[in-house]
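Here the structure is laid out as structure tokens; the discussion comes afterwards.
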Amino acid sequence: MRSTLSWTLALVAGLAGLLSGPALAQTPATAPSTTASNSASATQATDARQLWQLLDYVAVDYGGAVENGQVASEGEYTEMLDFSANALQQAQALPAHADKAKVVSLVTQLRAAVQAKATADAVAQLAHQAAQLLVAAYPMPVAPAKAPDITKGSQLFQQICASCHGATGGGDGPAAQGLDPQPIAFSDAQRANARSLMALYQVTSQGVEGTSMVSFGALPEDDRWALAYFVGGLSYNDELRATGKALWQSDAGLRARFGDLAALSTTTAQSLTPAMPIEQARAVLAYLRANPEVISEGKASGVALSRQRLAQSLAALQAGDRNQAMKLALSAYLDGFEPLEPTIAARNKALMTQVESAMVQYRATVASGTLQEAEAAAQQLQAMFGQVEAELNAGASAATATFVGALTILLREGLEALLIVIGMVALLRKAGRQDALRYVHAGWSSALVAGGMTWAIATYLVEISGASREVTEGLGSVVAALVLLSVGLWMHSKSSAGRWQSYLSEKLSASMGQGSMWGLFALAFVSVYREVFETVLFFSALASDGHHGALLGGGLAAVAILGVIAWVLLRTSARMPVGRFFSATSILVAVLAVVLVGKGVSSLQEAGWVSATPLAAPRIELLGMFPTMETLLAQALVLALVVFGFAYNRAAARRAVSAPQ
């Protein structure tokens, strides 16, 4: 038995001392407003840290207590029962938070799994899931400020640890004789697979009361992290490290998973197994723990960049520079999170929406809120980034999820463009203008080609910034909305006049010159192009999961459904009386204008071109509704123009009917 409940609880209680150390790299600096709020934050962090330590102990040590559903060590199993019960009590006593119930639920499942003598893998998975969610909900420092010096860690280990733990970490040092409990064997691969560097750092800093493991808190913080990183690599060999290096250099997705030292410090080999075999996971960690500097090489990206920019933005705001704080806040979204949106949306659309809304809220507080409000919004965002990292680390989605994702994405993105193009085709067919149809078909087909070329250029030749993508989509949506608004009002005016046949035969045929036909081309091109590039980005994200057959099947199924919709609409419009067709089409076009202007303004907000004032309103992307005052006002304005225009058209039609012939 490695320990007893009494010294473990003492260790947990002692973890509060960590709060006296300096803030670490991945935790944004905040300026406390009052002593009371400082004390409350410290208490919350201490409670969460104590619970995290208990969860880590269960994840690592449970395998020595139970084997094949049977108790292997009565003493250690009793510890696991005590630890899991204590963890549940501490989870229930956590401060209020939106995710507290989820944490309690996971710890409850963990407690039940220990009582049921579940497998070590199942218990470790539940413990790590609860720990990940805990860190996301109750942020705490989890990583060093810079890449640790592994050589220094090796020297420290030989100086102060080898006498008990052995020169190679086997727990067989000359001073280990007669110690009870025996020193940990860091070379034990099974337990090392469940042990994080963060856990090693905490034990190094605090020691373990009731054992021969003393605190090394007097060492500088950098030295303690160096020691933790070196010890975390003692179960690996040079062959594993070489394999891990090859995997790291060849797999861009793997490099995205370890965007910063926080990800490395909290990741275990077991937590990577949903995404890769355990031996590959061990190889990757063997290489990274021995060479942590490779994570910091080059430009930060993804969640790591979002965290970095958010911390810099908050620091700028604390220094009184709101303009710089806003620029950095925009960069946190456009350069860090926005490129990840397709991947996150394909796996967890609700989480993506929450992060988007939280980033809008943070920018709003930077623009006009108080420092305290901005700090609270930043803390919420940092917690959400933890959830994003957990989602990215969860491994590839199932083939069924890929199929459904491809199907729904293409249907969602393609339906708006389809309605616009079909409306144009139906109108020209009614007018007998077959010569103009080729301009419409050339417009949408050119948009497909241009979208594919844009994706290829952005992927292989030059980097297209997030701001450029959002501005392109936003301006395209607004332009399309304005064109559709004018078309809808024009169509409704003719519908109200009730003289369609004469208009079609006498006016439309004569008035549509070369310029008008190129206008049809432009409308078809803009309507389709704005959807194509976003669709390709989503499909690229889905393709990274490897289920290419499911991706192709979902895309083809969506194309088939869109084809059926197009056929039905064209057949229906061909049989519909001319007046009714123009009346129904004018309403549809006006609705699309309202939807597109909402989406356009939202994209321009994300690019920083339009301010954002969050409101407590629903978010309905299908209708272009986003919970900001600016998007809703833009939609209200277009809707008011539609209502006024339709009313004016009806009044004009009544006057025309009552006028003497």
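Residues in the structure tokens are numbered from 1 in each chain, the chains being A, B, ... in the order shown, and ligands are numbered from 1 in the order shown.
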Residues near stretch 374-388 of chain A, cut-off 7 Å, only C-alpha atoms, skip fewer than 5 positions along chain, as a PyMOL selection string = chain A and resi 30+133+136-137+139+303+307+355+358+362+365-366+369
How close does each residue of stretch 188-225 of chain A get to stretch 62-74 of chain A, giving the shortest atom pair and distance in Å to one decimal for every residue with an atom at most 12 Å away, counting only C-alpha atoms, sorted by chain and residue number, as a tab-separated table?
```
residue	atom	partner	partner_atom	distance
A:Asp188	CA	A:Gly64	CA	11.4
A:Ala189	CA	A:Gly63	CA	11.7
A:Gln190	CA	A:Gly63	CA	8.1
A:Arg191	CA	A:Gly63	CA	7.6
A:Ala192	CA	A:Gly63	CA	11.2
A:Asn193	CA	A:Gly63	CA	10.9
A:Ala194	CA	A:Gly63	CA	9.6
A:Arg195	CA	A:Tyr62	CA	11.8
```
Based on the selection just made, write C-alpha atoms of those residues as a short mmCIF file (atom, residue, chain, number, x, y, z; two decimals), in the first residue's frame.
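So part_24.cif came out as:
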```cif
data_model
loop_
_atom_site.label_atom_id
_atom_site.label_comp_id
_atom_site.auth_asym_id
_atom_site.auth_seq_id
_atom_site.Cartn_x
_atom_site.Cartn_y
_atom_site.Cartn_z
CA ASP A 188 6.37 1.63 -13.92
CA ALA A 189 4.80 2.13 -17.37
CA GLN A 190 1.23 1.26 -16.35
CA ARG A 191 1.04 3.91 -13.64
CA ALA A 192 3.05 6.38 -15.71
CA ASN A 193 0.38 6.13 -18.44
CA ALA A 194 -2.14 7.67 -16.02
CA ARG A 195 0.15 10.26 -14.43
#
```
May I ask which of the residues A:Arg257, A:Met213, A:Val231, A:Arg111 is the closest one to A:Gln158, counting only C-alpha atoms?
-> A:Val231
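Taking atom CA of A:Trp225 and atom CA of A:Ala283 as the two end points, the separation is 20.7 Å.
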Coordinates-based distance that separates atom CA of A:Ala246 from atom CA of A:Ala185 (Å, one decimal) = 28.2 Å
Pick from A:Leu234, A:Ala218, A:Ala634, A:Ala332, whichever lies nearest to A:Ile150 using only C-alpha atoms =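 Residue with the minimum atom-to-atom distance to A:Ile150: A:Leu234.
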Can you list, as a list of chain:residue names, every protein, DNA or RNA residue that comes within 8 Å of A:Lys152 when you count only C-alpha atoms, leaving out same-chain residues fewer than 2 positions away?
-> A:Asp149, A:Ile150, A:Ser154, A:Gln155, A:Leu156, A:Asp223, A:Ala226, A:Leu227
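Compared by their closest atoms to A:Ile160, and using only C-alpha atoms, the residues A:Asn649, A:Met198, A:Asp172, A:Thr204 rank with A:Thr204 nearest.
Closest approach to A:Met359 among A:Ala653, A:Ala329, A:Val568, A:Val559 is made by A:Ala329 (distances from only C-alpha atoms).
Pairwise distance (atom CA of A:Arg429, atom CA of A:Ala450) equals 26.6 Å.
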If you count only C-alpha atoms, the residue of A:Arg650, A:Asp321, A:Pro277, A:Asp260 closest to A:Gln308 turns out to be A:Asp260
May I have the residues within 6 Å of A:Cys164 as a PyMOL selection string, using only C-alpha atoms and disregarding those fewer than 6 positions away in the same chain?
-> chain A and resi 173+175-176
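Using only C-alpha atoms, the nearest neighbour of A:Arg322 within the list A:Ala147, A:Leu588, A:Asp335, A:Ala364 is A:Ala364.
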In stretch 323-384 of chain A, what's alpha helix (DSSP H) per DSSP? Answer as a ChimeraX atom specification?
-> /A:323-331,341-347,349-368,371-384
Output C-alpha atoms for every residue in that selection, as a short mmCIF file (atom, residue, chain, number, x, y, z; two decimals), in the first residue's frame.
```
data_model
loop_
_atom_site.label_atom_id
_atom_site.label_comp_id
_atom_site.auth_asym_id
_atom_site.auth_seq_id
_atom_site.Cartn_x
_atom_site.Cartn_y
_atom_site.Cartn_z
CA ASN A 323 -7.81 50.17 -28.67
CA GLN A 324 -4.96 47.68 -28.36
CA ALA A 325 -7.10 45.46 -26.14
CA MET A 326 -9.78 45.36 -28.83
CA LYS A 327 -7.25 44.51 -31.58
CA LEU A 328 -5.89 41.65 -29.52
CA ALA A 329 -9.42 40.44 -28.68
CA LEU A 330 -10.23 40.31 -32.40
CA SER A 331 -6.99 38.43 -33.05
CA GLU A 341 -14.53 26.54 -36.03
CA PRO A 342 -15.18 23.95 -38.78
CA THR A 343 -13.64 21.18 -36.68
CA ILE A 344 -15.43 22.19 -33.47
CA ALA A 345 -18.75 22.77 -35.26
CA ALA A 346 -18.56 19.33 -36.86
CA ARG A 347 -18.07 17.72 -33.44
CA LYS A 349 -21.86 22.82 -32.58
CA ALA A 350 -23.24 23.98 -29.22
CA LEU A 351 -19.73 24.52 -27.84
CA MET A 352 -18.68 26.49 -30.92
CA THR A 353 -21.73 28.73 -30.56
CA GLN A 354 -21.01 29.30 -26.85
CA VAL A 355 -17.41 30.31 -27.56
CA GLU A 356 -18.48 32.68 -30.36
CA SER A 357 -21.03 34.34 -28.08
CA ALA A 358 -18.54 34.58 -25.22
CA MET A 359 -15.96 36.24 -27.48
CA VAL A 360 -18.56 38.78 -28.64
CA GLN A 361 -19.40 39.44 -24.98
CA TYR A 362 -15.71 39.94 -24.13
CA ARG A 363 -15.21 42.41 -26.99
CA ALA A 364 -18.29 44.31 -25.86
CA THR A 365 -16.91 44.65 -22.33
CA VAL A 366 -13.54 45.76 -23.74
CA ALA A 367 -15.30 48.43 -25.79
CA SER A 368 -17.52 49.89 -23.08
CA LEU A 371 -12.30 46.12 -16.07
CA GLN A 372 -13.99 43.76 -13.61
CA GLU A 373 -16.55 42.74 -16.27
CA ALA A 374 -13.78 42.13 -18.79
CA GLU A 375 -11.86 39.98 -16.32
CA ALA A 376 -14.94 37.88 -15.64
CA ALA A 377 -15.61 37.48 -19.38
CA ALA A 378 -11.96 36.52 -19.98
CA GLN A 379 -12.08 33.91 -17.23
CA GLN A 380 -15.21 32.42 -18.76
CA LEU A 381 -13.49 32.28 -22.15
CA GLN A 382 -10.39 30.59 -20.73
CA ALA A 383 -12.66 27.94 -19.22
CA MET A 384 -14.36 27.40 -22.58
#
```
Quick one: residues within 9 Å of A:Val421, only C-alpha atoms counted, chain neighbours fewer than 6 positions away excluded, as a PyMOL selection string?
-> chain A and resi 440-441+444+523-524+527-528
